[in-house]
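This is start-v5.pdb (PDB, C-alpha atoms).
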ATOM      1  CA  MET Y   5     -36.794 -30.550  66.728
ATOM      2  CA  LYS Y   6     -36.162 -28.406  69.757
ATOM      3  CA  ILE Y   7     -33.282 -29.364  72.055
ATOM      4  CA  ASP Y   8     -32.712 -27.767  75.457
ATOM      5  CA  LEU Y   9     -29.099 -27.805  76.749
ATOM      6  CA  VAL Y  10     -28.239 -27.317  80.398
ATOM      7  CA  ALA Y  11     -24.754 -25.877  81.116
ATOM      8  CA  GLU Y  12     -23.069 -26.917  84.303
ATOM      9  CA  GLY Y  13     -19.682 -26.265  85.872
ATOM     10  CA  LEU Y  14     -17.361 -24.283  83.583
ATOM     11  CA  LEU Y  15     -19.879 -24.547  80.797
ATOM     12  CA  ASP Y  16     -22.064 -22.205  82.808
ATOM     13  CA  ARG Y  17     -21.333 -18.834  81.215
ATOM     14  CA  ARG Y  18     -21.327 -16.968  84.531
ATOM     15  CA  ARG Y  19     -19.001 -19.464  86.188
ATOM     16  CA  PHE Y  20     -16.768 -19.577  83.115
ATOM     17  CA  SER Y  21     -16.441 -15.765  83.098
ATOM     18  CA  ALA Y  22     -15.597 -15.785  86.810
ATOM     19  CA  TRP Y  23     -13.013 -18.520  86.248
ATOM     20  CA  GLN Y  24     -11.464 -16.546  83.399
ATOM     21  CA  GLY Y  25     -11.265 -13.409  85.546
ATOM     22  CA  ASP Y  26      -9.682 -15.198  88.503
ATOM     23  CA  THR Y  27      -7.165 -17.002  86.299
ATOM     24  CA  ARG Y  28      -6.228 -13.812  84.456
ATOM     25  CA  LYS Y  29      -5.678 -12.030  87.762
ATOM     26  CA  THR Y  30      -3.517 -14.878  89.084
ATOM     27  CA  ILE Y  31      -1.425 -14.924  85.907
ATOM     28  CA  HIS Y  32      -1.093 -11.128  85.973
ATOM     29  CA  THR Y  33       0.153 -11.183  89.581
ATOM     30  CA  ALA Y  34       2.594 -14.051  88.946
ATOM     31  CA  VAL Y  35       4.104 -12.413  85.849
ATOM     32  CA  ALA Y  36       4.454  -9.048  87.591
ATOM     33  CA  ARG Y  37       6.236 -10.729  90.514
ATOM     34  CA  ALA Y  38       8.639 -12.516  88.147
ATOM     35  CA  MET Y  39       9.377  -9.248  86.346
ATOM     36  CA  ARG Y  40       9.936  -7.422  89.626
ATOM     37  CA  ASP Y  41      12.363 -10.022  91.004
ATOM     38  CA  THR Y  42      14.313 -10.460  87.756
ATOM     39  CA  GLY Y  43      14.224  -6.738  87.013
ATOM     40  CA  LYS Y  44      16.237  -5.987  90.152
ATOM     41  CA  GLU Y  45      19.002  -8.310  88.937
ATOM     42  CA  MET Y  46      18.876  -6.775  85.447
ATOM     43  CA  ALA Y  47      19.198  -3.252  86.866
ATOM     44  CA  GLU Y  48      22.165  -4.301  89.000
ATOM     45  CA  ARG Y  49      23.971  -5.730  85.946
ATOM     46  CA  ALA Y  50      23.264  -2.479  84.085
ATOM     47  CA  ARG Y  51      24.836  -0.583  87.005
ATOM     48  CA  SER Y  52      27.942  -2.778  86.662
ATOM     49  CA  GLU Y  53      28.266  -1.688  83.031
ATOM     50  CA  MET Y  54      27.830   1.922  84.110
ATOM     51  CA  ARG Y  55      30.695   1.505  86.581
ATOM     52  CA  ALA Y  56      32.888   0.167  83.786
ATOM     53  CA  GLY Y  57      31.945   2.916  81.334
ATOM     54  CA  PHE Y  58      32.093   5.930  83.655
ATOM     55  CA  LYS Y  59      34.419   7.118  86.383
ATOM     56  CA  VAL Y  60      31.656   7.230  88.954
ATOM     57  CA  VAL Y  61      32.090   9.693  91.814
ATOM     58  CA  LYS Y  62      28.589   9.808  93.270
ATOM     59  CA  PRO Y  63      26.716   6.580  94.172
ATOM     60  CA  LYS Y  64      23.497   8.462  93.390
ATOM     61  CA  PHE Y  65      24.381   8.283  89.706
ATOM     62  CA  LEU Y  66      24.498   4.472  89.805
ATOM     63  CA  ARG Y  67      21.311   4.262  91.856
ATOM     64  CA  SER Y  68      19.511   6.228  89.149
ATOM     65  CA  MET Y  69      19.507   3.026  87.073
ATOM     66  CA  HIS Y  70      16.508   1.099  88.346
ATOM     67  CA  ALA Y  71      13.776  -1.363  87.432
ATOM     68  CA  LYS Y  72      10.064  -0.677  87.607
ATOM     69  CA  VAL Y  73       7.074  -2.875  86.796
ATOM     70  CA  PHE Y  74       3.916  -1.265  85.407
ATOM     71  CA  ASN Y  75       0.964  -3.480  86.306
ATOM     72  CA  ARG Y  76      -1.845  -1.218  87.497
ATOM     73  CA  LYS Y  77      -4.131  -1.969  84.561
ATOM     74  CA  ALA Y  78      -5.621  -5.419  85.069
ATOM     75  CA  GLU Y  79      -6.692  -5.680  81.426
ATOM     76  CA  GLU Y  80      -3.133  -5.138  80.137
ATOM     77  CA  PHE Y  81      -0.080  -7.375  80.433
ATOM     78  CA  PRO Y  82       2.559  -6.125  82.934
ATOM     79  CA  ALA Y  83       5.530  -4.212  81.495
ATOM     80  CA  LEU Y  84       9.092  -4.070  82.846
ATOM     81  CA  TYR Y  85      11.052  -0.813  82.584
ATOM     82  CA  ILE Y  86      14.847  -0.674  82.980
ATOM     83  CA  GLY Y  87      16.255   2.846  82.836
ATOM     84  CA  SER Y  88      17.670   5.924  84.527
ATOM     85  CA  LYS Y  89      16.280   9.315  85.513
ATOM     86  CA  VAL Y  90      19.525  11.009  84.419
ATOM     87  CA  PRO Y  91      18.475  12.961  81.283
ATOM     88  CA  TRP Y  92      21.907  13.141  79.633
ATOM     89  CA  LEU Y  93      22.684   9.422  79.931
ATOM     90  CA  GLY Y  94      21.045   8.756  76.556
ATOM     91  CA  ILE Y  95      23.742  10.461  74.490
ATOM     92  CA  HIS Y  96      26.397   8.336  76.206
ATOM     93  CA  GLU Y  97      24.470   5.259  75.033
ATOM     94  CA  ARG Y  98      24.465   6.429  71.413
ATOM     95  CA  GLY Y  99      27.421   8.763  71.160
ATOM     96  CA  GLY Y 100      27.056  12.001  69.249
ATOM     97  CA  THR Y 101      27.808  15.707  69.038
ATOM     98  CA  ILE Y 102      26.275  18.520  71.087
ATOM     99  CA  ARG Y 103      26.301  21.895  69.338
ATOM    100  CA  GLY Y 104      25.909  25.360  70.811
ATOM    101  CA  ARG Y 105      27.840  27.902  72.878
ATOM    102  CA  MET Y 106      28.962  26.018  75.980
ATOM    103  CA  LEU Y 107      31.291  26.781  78.861
ATOM    104  CA  VAL Y 108      33.417  23.825  79.923
ATOM    105  CA  PRO Y 109      34.815  24.365  83.451
ATOM    106  CA  LEU Y 110      38.586  24.032  83.884
ATOM    107  CA  LEU Y 111      38.772  21.978  87.079
ATOM    108  CA  PRO Y 112      41.442  19.869  88.814
ATOM    109  CA  GLN Y 113      41.926  16.463  87.210
ATOM    110  CA  HIS Y 114      39.102  13.964  87.879
ATOM    111  CA  ARG Y 115      37.030  16.668  89.616
ATOM    112  CA  ARG Y 116      33.532  17.634  88.572
ATOM    113  CA  ILE Y 117      31.069  20.399  89.263
ATOM    114  CA  GLY Y 118      27.302  20.188  88.855
ATOM    115  CA  ARG Y 119      25.449  22.324  86.344
ATOM    116  CA  LYS Y 120      23.670  24.374  89.013
ATOM    117  CA  ALA Y 121      26.816  24.826  91.117
ATOM    118  CA  PHE Y 122      28.757  26.016  88.056
ATOM    119  CA  ALA Y 123      25.944  28.417  87.177
ATOM    120  CA  ARG Y 124      26.197  29.885  90.702
ATOM    121  CA  VAL Y 125      29.949  30.420  90.224
ATOM    122  CA  ILE Y 126      29.424  32.224  86.915
ATOM    123  CA  ASP Y 127      26.590  34.298  88.420
ATOM    124  CA  ALA Y 128      28.775  35.360  91.371
ATOM    125  CA  LEU Y 129      31.621  36.382  89.038
ATOM    126  CA  MET Y 130      29.286  38.303  86.733
ATOM    127  CA  ARG Y 131      27.602  40.161  89.585
ATOM    128  CA  SER Y 132      30.975  41.276  90.939
ATOM    129  CA  GLY Y 133      32.187  42.253  87.458
ATOM    130  CA  ASN Y 134      35.008  39.745  87.767
ATOM    131  CA  ALA Y 135      34.613  37.767  84.543
ATOM    132  CA  PHE Y 136      36.198  38.407  81.148
ATOM    133  CA  PHE Y 137      37.294  36.470  78.074
ATOM    134  CA  ILE Y 138      40.749  36.220  76.538
ATOM    135  CA  GLU Y 139      41.816  34.436  73.372
ATOM    136  CA  LYS Y 140      44.662  31.940  73.666
ATOM    137  CA  ASN Y 141      45.749  29.456  71.001
ATOM    138  CA  GLY Y 142      42.523  30.091  69.117
ATOM    139  CA  GLN Y 143      40.335  29.382  72.152
ATOM    140  CA  GLN Y 144      38.062  31.727  74.067
ATOM    141  CA  ILE Y 145      38.851  31.341  77.773
ATOM    142  CA  LEU Y 146      36.798  32.817  80.611
ATOM    143  CA  MET Y 147      39.085  34.371  83.234
ATOM    144  CA  ALA Y 148      38.645  35.886  86.692
ATOM    145  CA  GLU Y 149      40.896  37.691  89.152
ATOM    146  CA  ASN Y 150      41.693  36.010  92.436
ATOM    147  CA  ILE Y 151      40.067  38.579  94.729
ATOM    148  CA  ALA Y 152      38.730  38.282  98.278
ATOM    149  CA  GLU Y 153      35.138  38.974  97.185
ATOM    150  CA  ASN Y 154      35.101  35.809  95.073
ATOM    151  CA  ALA Y 155      37.244  33.645  97.358
ATOM    152  CA  GLN Y 156      34.633  30.931  97.824
ATOM    153  CA  PRO Y 157      33.420  30.583  94.205
ATOM    154  CA  LEU Y 158      37.032  30.486  92.991
ATOM    155  CA  ALA Y 159      38.308  27.904  95.510
ATOM    156  CA  ARG Y 160      38.281  24.877  93.199
ATOM    157  CA  PHE Y 161      39.646  26.915  90.281
ATOM    158  CA  ARG Y 162      42.586  28.137  92.395
ATOM    159  CA  ARG Y 163      43.303  24.479  93.176
ATOM    160  CA  ALA Y 164      43.222  23.657  89.472
ATOM    161  CA  GLU Y 165      45.608  26.527  88.710
ATOM    162  CA  ARG Y 166      48.071  25.294  91.363
ATOM    163  CA  GLU Y 167      47.994  21.798  89.853
ATOM    164  CA  ARG Y 168      48.570  23.124  86.323
ATOM    165  CA  THR Y 169      51.435  25.444  87.228
ATOM    166  CA  GLY Y 170      52.949  23.602  90.196
ATOM    167  CA  ALA Y 171      52.793  26.821  92.256
ATOM    168  CA  ARG Y 172      52.242  26.537  96.000
ATOM    169  CA  ARG Y 173      49.753  29.404  96.053
ATOM    170  CA  VAL Y 174      47.828  31.729  93.755
ATOM    171  CA  ARG Y 175      48.629  35.383  94.343
ATOM    172  CA  ARG Y 176      45.911  37.896  95.186
ATOM    173  CA  GLY Y 177      44.797  39.641  92.011
ATOM    174  CA  GLN Y 178      46.243  36.935  89.768
ATOM    175  CA  GLU Y 179      44.117  36.052  86.753
ATOM    176  CA  ILE Y 180      43.053  32.408  86.660
ATOM    177  CA  PRO Y 181      41.162  30.452  83.969
ATOM    178  CA  ILE Y 182      37.618  29.406  84.814
ATOM    179  CA  ALA Y 183      36.215  27.817  81.656
ATOM    180  CA  VAL Y 184      36.744  27.458  77.929
ATOM    181  CA  LEU Y 185      34.017  28.459  75.469
ATOM    182  CA  VAL Y 186      33.283  25.741  72.913
ATOM    183  CA  ARG Y 187      30.725  25.482  70.125
ATOM    184  CA  ARG Y 188      30.442  21.725  69.988
ATOM    185  CA  VAL Y 189      31.371  18.676  72.056
ATOM    186  CA  SER Y 190      31.680  15.162  70.634
ATOM    187  CA  LEU Y 191      30.936  12.287  72.994
ATOM    188  CA  ARG Y 192      31.789   8.663  72.333
ATOM    189  CA  LYS Y 193      29.525   5.756  73.146
ATOM    190  CA  ARG Y 194      30.378   4.628  76.676
ATOM    191  CA  PHE Y 195      27.429   2.542  77.795
ATOM    192  CA  ASP Y 196      25.085   0.089  76.029
ATOM    193  CA  LEU Y 197      21.904  -0.360  78.062
ATOM    194  CA  ALA Y 198      20.051  -2.092  75.225
ATOM    195  CA  ARG Y 199      22.742  -4.782  74.953
ATOM    196  CA  SER Y 200      22.690  -5.320  78.710
ATOM    197  CA  VAL Y 201      18.908  -5.754  78.736
ATOM    198  CA  ARG Y 202      18.884  -8.003  75.650
ATOM    199  CA  GLY Y 203      21.446 -10.262  77.286
ATOM    200  CA  ASP Y 204      19.107 -10.752  80.249
ATOM    201  CA  LEU Y 205      15.943 -11.457  78.242
ATOM    202  CA  PRO Y 206      16.377 -15.273  78.314
ATOM    203  CA  ARG Y 207      16.619 -15.096  82.123
ATOM    204  CA  LEU Y 208      13.476 -12.961  82.263
ATOM    205  CA  THR Y 209      11.636 -15.325  79.905
ATOM    206  CA  ALA Y 210      12.573 -18.319  82.068
ATOM    207  CA  ALA Y 211      11.336 -16.551  85.198
ATOM    208  CA  ILE Y 212       7.994 -15.730  83.567
ATOM    209  CA  ARG Y 213       7.582 -19.321  82.324
ATOM    210  CA  LYS Y 214       8.321 -20.647  85.796
ATOM    211  CA  ALA Y 215       5.763 -18.266  87.298
ATOM    212  CA  MET Y 216       3.163 -19.290  84.705
ATOM    213  CA  SER Y 217       3.731 -22.993  85.363
ATOM    214  CA  LYS Y 218       2.667 -22.524  88.968
ATOM    215  CA  VAL Y 219      -0.657 -20.903  88.089
TER     216      VAL Y 219
END

I need this file expressed as structure tokens, please.
Amino acid sequence: MKIDLVAEGLLDRRRFSAWQGDTRKTIHTAVARAMRDTGKEMAERARSEMRAGFKVVKPKFLRSMHAKVFNRKAEEFPALYIGSKVPWLGIHERGGTIRGRMLVPLLPQHRRIGRKAFARVIDALMRSGNAFFIEKNGQQILMAENIAENAQPLARFRRAERERTGARRVRRGQEIPIAVLVRRVSLRKRFDLARSVRGDLPRLTAAIRKAMSKV
């Protein structure tokens, strides 16, 4: 016996495929929006933990922690990324030891110098021939003379020397410490991004469910 079936409405394959595509697109957009809105709150809470774990000087460091939603591919589910562009932040999440010959600048308390700025200081001292090592208490210390030619590169190190010694000024020609040479540095765990994100997952799940319920 031959039976002919006529499909109508959603049973029509073409209409059903169109309905599937439209629904998938609506769900995709709703989920991405929920991730984007909740992700901003998650990134802000991660910044709060960064403030607690680090003595933050530059706001740019905190702003590096951000949220981003990847949703360009319609055939894939959206993905939420919470992270920072600062490359060395990872070791502060895990803790660990860095090995190698490293110069640690001897600066005034609670002062910092960027990697590139410190490299410029060392380059200026080397080019003028005003850089040499001494050994003190088993440590290799990079020294420089306080001369007019290097007045600008040495400014912050003169300030550090005044704070250490209590002297009102550093004499011309006086030798001042610039950095200590170390072969390894151990860093403790100061920041737990994974824990911060895990703590916010129930909030993210609720936001996605709410978005899905409106589709």

Box centre and edge lengths (Å, one decimal), axis-aligned, region 102-107 of chain Y plus 3 Å each side, as lines of an AutoDock Vina configuration file:
center_x = 28.6
center_y = 23.2
center_z = 74.1
size_x = 11.4
size_y = 15.4
size_z = 15.5

Evaluating the PyMOL selection byres ((chain Y and resi 108) around 6) on the displayed file yields which residues, as a ChimeraX atom specification?
/Y:107,109,183-184

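Closest approach to Ser200 (chain Y) among Y:Asn150, Y:Ser132, Y:Ser52, Y:Thr30 is made by Y:Ser52 (distances from all atoms listed in the file).
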
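Distance-wise, CA of Lys218 (chain Y) and CA of Pro82 (chain Y) end up 17.5 Å apart.
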
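Nearest to Ala148 (chain Y) of all the residues Y:Arg176, Y:Arg124, Y:His32, Y:Arg98 is Y:Arg176, counting only C-alpha atoms.
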